[in-house]
Amino acid sequence: MQYANITGWGKCLPPAVLSNQDLMTFLDTSDEWISSRTGIKERRISHVSTAALASLAGKRALAAAGLDAAELDMVILATACADTLIPNAASAVQQSLGAVNAAVFDLNAACTGFVYGLSIGTGMIRSGAMKKVLVIGADRIPYFLDYTLRDVCVLFGDGAGAVVLEASDAECGLLAEKLGCDSEDRDILMARDAGTIRERFTEVDGFFDVNFEGPEIFKRAVRGMGGAITDVLTKLSLEAEQIDLLVPHQANIRIIETLTKRLKAPPEKVVVNIEKYGNTSAATVPIALCEALEEGRIKPGDRVLTAAFGAGLTWGAAVIKWGERVTALGVCDEELPPSDKTALDLLKPWVEGCRAAVAAKG
Ligand SMILES: CC(C)(COP(=O)(O)OP(=O)(O)OC[C@H]1O[C@@H](n2cnc3c(N)ncnc32)[C@H](O)[C@@H]1OP(=O)(O)O)[C@@H](O)C(=O)NCCC(=O)NCCS
């Protein structure tokens with residue numbers, strides 16, 4: 001029996017920080033409202049492409065695993081923000097990594113994408129078809145946002161996280177998962193015209209009509225992740241107290257607290273970093289996993305529970321049994337290309353473009 005051990009992990013957060021105070025310079029909002037309703041204090045805005053963020057997270061994960069990119073059999077890039085649709089963004093990542101022997105593809109399950117990717121990568125290894133798989137979650141949701149909508153544009157940030165999976169005979173890695181999609185209400189979280197559905201020649205360029213029904217999404221997130229967690233624990237005949245660490249999707253601190261309360265998990269068993277990065281979509285789980293390892297919060301043999309929820313409305317939960325190694329074998333010293341732009345500099349054309357588009361629509 002083959003298992004898929006997690007042997008490497010890495011993250012990439014772009015340097016430009018967008019604080020709640022920065023948002024207050026162009027939006028009718030307050031640090032108090034954003035912090036108390038969401039738990040977010042700041043988020044990052046990228047000056048590089050999704051593929052660039054994904055590639056650096058991938059390189060760091062490969063260094064932690066002590067692997068050469070040419071050894072990879074597959075690269076899965078979970079993203080809803082591919083830089084190009086034809087070809088896929090994963091091919092740009094392959095090029096940057098030098099993963100010349102890997103099959104590569106983009107996977108779009110929005111914020112749940114990384115959990116879906118972990119399941120697929122694990123499945124390929126457990127079937128015996130592959131030995132080494134890189135799973136990356138990378139997103140730039142701020143690119144799509146309407147900066148006149150204060151309930152949505154404060155929530156998201158850019159980032160990427162990655163893990164390396166390697167075949168192992170010891171029981172470890174993802175032991176069980178439950179994935180699904182509640183498509184009946186797919187329109188409550190939607191960039192309505194960001195795809196081939198968009199009229200090719202429009203008067204308002206660069207504006208995406210975002211529909212975001214926050215309170216409804218909140219309810220469905222709790223239901224989706226809560227149900228998936230119950231299912232996955234039942235599959236493994238585990239009680240909640242047998243979980244050593246919960247690594248939830250970071251969408252809203254109140255969603256995390258509701259799940260935590262249901263599981264009766266003490267705060268030291270829950271990874272929360274939403275205050276620093278906001279919701280980075282498919283990247284929240286691998287970034288949080290990476291930080292938990294960096295902070296020494298995962299021990300060999302620990303059972304780690306993860307759960308995510310996103311547009312679709314996709315949802316999923318998985319239990320990972322950690323292997324023997326919790327420290328990185330190597331470090332990648334590469335950095336993103338430098339930029340002298342602040343987060344507000346980067347956002348300025350989008351804020352102005354959104355205002356003009358909304359005014360033009362009337
Ligand atoms: C978006 C979200 C934070 C809104 O929180 P909420 O407590 O439901 O707040 P509401 O939408 O009911 O709005 C309450 C009030 O705050 C106001 N408000 C909304 N955004 C605001 C902001 N950024 N600053 C100040 N006030 C704001 C609203 O206008 C409303 O005012 P009103 O009562 O005068 O009409 C919350 O619903 C949420 O996080 N949902 C999940 C979203 C998510 O993360 N989705 C991604 C899933 S992966």
# chains A, B, ... in the order shown; residues from 1 in each chain; ligands from 1

call {"tool": "closest_atom_pairs", "arguments": {"of": "chain A", "to": "ligand 1", "cutoff": "6 Å", "atoms": "only C-alpha atoms and all ligand atoms", "output": "JSON lines"}}
result
{"residue": "A:Thr29", "atom": "CA", "partner": "ligand 1", "partner_atom_place_in_ligand_line": "24 (N)", "distance": 3.6}
{"residue": "A:Ser30", "atom": "CA", "partner": "ligand 1", "partner_atom_place_in_ligand_line": "24 (N)", "distance": 5.7}
{"residue": "A:Trp33", "atom": "CA", "partner": "ligand 1", "partner_atom_place_in_ligand_line": "25 (C)", "distance": 5.3}
{"residue": "A:Ile34", "atom": "CA", "partner": "ligand 1", "partner_atom_place_in_ligand_line": "23 (N)", "distance": 5.8}
{"residue": "A:Arg37", "atom": "CA", "partner": "ligand 1", "partner_atom_place_in_ligand_line": "3 (C)", "distance": 5.3}
{"residue": "A:Thr38", "atom": "CA", "partner": "ligand 1", "partner_atom_place_in_ligand_line": "3 (C)", "distance": 5.3}
{"residue": "A:Cys111", "atom": "CA", "partner": "ligand 1", "partner_atom_place_in_ligand_line": "48 (S)", "distance": 5.5}
{"residue": "A:Arg150", "atom": "CA", "partner": "ligand 1", "partner_atom_place_in_ligand_line": "23 (N)", "distance": 4.2}
{"residue": "A:Asp151", "atom": "CA", "partner": "ligand 1", "partner_atom_place_in_ligand_line": "20 (N)", "distance": 3.3}
{"residue": "A:Val152", "atom": "CA", "partner": "ligand 1", "partner_atom_place_in_ligand_line": "1 (C)", "distance": 5.9}
{"residue": "A:Val154", "atom": "CA", "partner": "ligand 1", "partner_atom_place_in_ligand_line": "23 (N)", "distance": 6.0}
{"residue": "A:Gly214", "atom": "CA", "partner": "ligand 1", "partner_atom_place_in_ligand_line": "37 (O)", "distance": 3.5}
{"residue": "A:Pro215", "atom": "CA", "partner": "ligand 1", "partner_atom_place_in_ligand_line": "37 (O)", "distance": 3.8}
{"residue": "A:Ile217", "atom": "CA", "partner": "ligand 1", "partner_atom_place_in_ligand_line": "41 (C)", "distance": 5.1}
{"residue": "A:Phe218", "atom": "CA", "partner": "ligand 1", "partner_atom_place_in_ligand_line": "41 (C)", "distance": 4.0}
{"residue": "A:Ala251", "atom": "CA", "partner": "ligand 1", "partner_atom_place_in_ligand_line": "44 (O)", "distance": 4.1}
{"residue": "A:Asn252", "atom": "CA", "partner": "ligand 1", "partner_atom_place_in_ligand_line": "39 (O)", "distance": 5.1}
{"residue": "A:Phe309", "atom": "CA", "partner": "ligand 1", "partner_atom_place_in_ligand_line": "48 (S)", "distance": 5.2}
{"residue": "A:Gly310", "atom": "CA", "partner": "ligand 1", "partner_atom_place_in_ligand_line": "48 (S)", "distance": 3.9}

call {"tool": "select_by_dssp", "arguments": {"residues": "range 2-71 of chain A", "states": "strand (DSSP E)", "output": "list in words"}}
result
Tyr3, Ala4, Asn5, Ile6, Thr7, Gly8, Trp9, Gly10, Lys11, Cys12, Ala16, Val17, Leu18, Ser19, Glu42, Arg43, Arg44 and Ile45 of chain A

call {"tool": "write_last_selection", "arguments": {"atoms": "C-alpha atoms", "output": "mmCIF file, in the first residue's frame"}}
result
data_model
loop_
_atom_site.group_PDB
_atom_site.id
_atom_site.type_symbol
_atom_site.label_atom_id
_atom_site.label_comp_id
_atom_site.auth_asym_id
_atom_site.auth_seq_id
_atom_site.Cartn_x
_atom_site.Cartn_y
_atom_site.Cartn_z
ATOM 1 C CA TYR A 3 0.749 6.611 0.871
ATOM 2 C CA ALA A 4 1.505 10.196 -0.170
ATOM 3 C CA ASN A 5 3.705 11.799 2.457
ATOM 4 C CA ILE A 6 4.037 15.593 2.622
ATOM 5 C CA THR A 7 7.800 16.086 2.437
ATOM 6 C CA GLY A 8 8.097 19.761 1.495
ATOM 7 C CA TRP A 9 6.216 23.001 2.035
ATOM 8 C CA GLY A 10 6.659 26.603 0.980
ATOM 9 C CA LYS A 11 4.796 29.886 0.693
ATOM 10 C CA CYS A 12 5.086 33.145 -1.198
ATOM 11 C CA ALA A 16 3.174 45.151 -0.558
ATOM 12 C CA VAL A 17 0.933 45.331 2.517
ATOM 13 C CA LEU A 18 -2.579 46.797 2.262
ATOM 14 C CA SER A 19 -3.761 47.683 5.767
ATOM 15 C CA GLU A 42 -4.008 43.587 6.506
ATOM 16 C CA ARG A 43 -3.525 41.682 3.254
ATOM 17 C CA ARG A 44 -0.933 41.575 0.470
ATOM 18 C CA ILE A 45 -1.230 42.939 -3.068
#

call {"tool": "select_by_dssp", "arguments": {"residues": "range 65-204 of chain A", "states": "helix (DSSP H, G or I)", "output": "ChimeraX atom specification"}}
result
/A:65,69-71,89-97,110-126,141-144,183-188

call {"tool": "write_last_selection", "arguments": {"atoms": "C-alpha atoms", "output": "short mmCIF file (atom, residue, chain, number, x, y, z; two decimals), in the first residue's frame"}}
result
data_model
loop_
_atom_site.label_atom_id
_atom_site.label_comp_id
_atom_site.auth_asym_id
_atom_site.auth_seq_id
_atom_site.Cartn_x
_atom_site.Cartn_y
_atom_site.Cartn_z
CA ALA A 65 11.75 18.39 0.36
CA ALA A 69 12.10 19.94 -10.02
CA ALA A 70 12.99 17.45 -12.78
CA GLU A 71 12.02 14.63 -10.39
CA ALA A 89 -0.83 28.98 -15.84
CA ALA A 90 0.64 25.66 -14.66
CA SER A 91 2.73 25.51 -17.84
CA ALA A 92 4.36 28.84 -16.86
CA VAL A 93 5.07 27.33 -13.45
CA GLN A 94 6.59 24.24 -15.07
CA GLN A 95 8.86 26.49 -17.12
CA SER A 96 9.95 28.54 -14.12
CA LEU A 97 10.63 25.44 -11.98
CA ALA A 110 -11.85 28.44 -6.03
CA CYS A 111 -10.92 28.59 -2.33
CA THR A 112 -11.31 24.80 -2.00
CA GLY A 113 -8.82 24.23 -4.85
CA PHE A 114 -5.85 23.24 -2.71
CA VAL A 115 -7.85 20.59 -0.80
CA TYR A 116 -9.13 19.23 -4.14
CA GLY A 117 -5.54 19.24 -5.46
CA LEU A 118 -4.22 17.43 -2.41
CA SER A 119 -6.85 14.75 -2.96
CA ILE A 120 -5.99 14.33 -6.66
CA GLY A 121 -2.22 14.32 -6.09
CA THR A 122 -2.60 11.79 -3.29
CA GLY A 123 -4.82 9.63 -5.48
CA MET A 124 -2.23 9.55 -8.27
CA ILE A 125 0.45 8.42 -5.84
CA ARG A 126 -1.74 5.90 -4.03
CA ILE A 141 -8.67 37.54 -6.18
CA PRO A 142 -8.08 41.31 -5.61
CA TYR A 143 -7.61 41.57 -9.40
CA PHE A 144 -11.31 40.78 -9.93
CA SER A 183 -24.07 24.38 -7.10
CA GLU A 184 -27.71 25.31 -6.56
CA ASP A 185 -26.55 28.67 -5.19
CA ARG A 186 -23.47 29.09 -7.36
CA ASP A 187 -24.48 32.64 -8.27
CA ILE A 188 -24.14 34.05 -4.73
#

call {"tool": "residues_around", "arguments": {"residues": "Thr79 in chain A", "least_positions_apart": "4", "cutoff": "12 Å", "atoms": "only C-alpha atoms", "output": "PyMOL selection string"}}
result
chain A and resi 49-51+53-54+83-85+88-90+105-117+135-141+158-162+280-284+310-311

call {"tool": "residues_around", "arguments": {"residues": "Gly180 in chain A", "least_positions_apart": "3", "cutoff": "8 Å", "atoms": "only C-alpha atoms", "output": "short mmCIF file (atom, residue, chain, number, x, y, z; two decimals) with C-alpha atoms, in the first residue's frame"}}
result
data_model
loop_
_atom_site.label_atom_id
_atom_site.label_comp_id
_atom_site.auth_asym_id
_atom_site.auth_seq_id
_atom_site.Cartn_x
_atom_site.Cartn_y
_atom_site.Cartn_z
CA THR A 314 -17.25 24.04 -3.51
CA TRP A 315 -16.40 22.56 -0.13
CA GLY A 316 -14.09 19.93 1.30
#

call {"tool": "atom_distance", "arguments": {"atom1": "CA of Thr196 in chain A", "atom2": "CA of Gly312 in chain A"}}
result
17.0 Å

call {"tool": "closest_residue", "arguments": {"among": "A:Asp28, A:Glu294, A:Asp73, A:Asp182", "to": "Thr327 in chain A", "atoms": "only C-alpha atoms"}}
result
A:Glu294

call {"tool": "residues_around", "arguments": {"residues": "Ala292 in chain A", "least_positions_apart": "6", "cutoff": "12 Å", "atoms": "only C-alpha atoms", "output": "ChimeraX atom specification"}}
result
/A:9-11,244-248,268-273,285-286,298-299,304,326-327

call {"tool": "closest_residue", "arguments": {"among": "A:Ala228, A:Cys81, A:Val164, A:Cys290", "to": "Ala191 in chain A", "atoms": "only C-alpha atoms"}}
result
A:Cys81

call {"tool": "atom_distance", "arguments": {"atom1": "CA of Arg200 in chain A", "atom2": "CA of Trp350 in chain A"}}
result
20.1 Å

call {"tool": "atom_distance", "arguments": {"atom1": "CA of Gly157 in chain A", "atom2": "CA of Val133 in chain A"}}
result
26.2 Å

call {"tool": "closest_residue", "arguments": {"among": "A:Ala356, A:His47, A:Thr342, A:Thr148", "to": "Asp205 in chain A", "atoms": "only C-alpha atoms"}}
result
A:Ala356

call {"tool": "closest_residue", "arguments": {"among": "A:Leu77, A:Leu175, A:Leu329, A:Ile320", "to": "Ala52 in chain A", "atoms": "only C-alpha atoms"}}
result
A:Leu77

call {"tool": "closest_residue", "arguments": {"among": "A:Glu257, A:Glu199, A:Asp209, A:Glu275", "to": "Leu155 in chain A", "atoms": "only C-alpha atoms"}}
result
A:Glu275
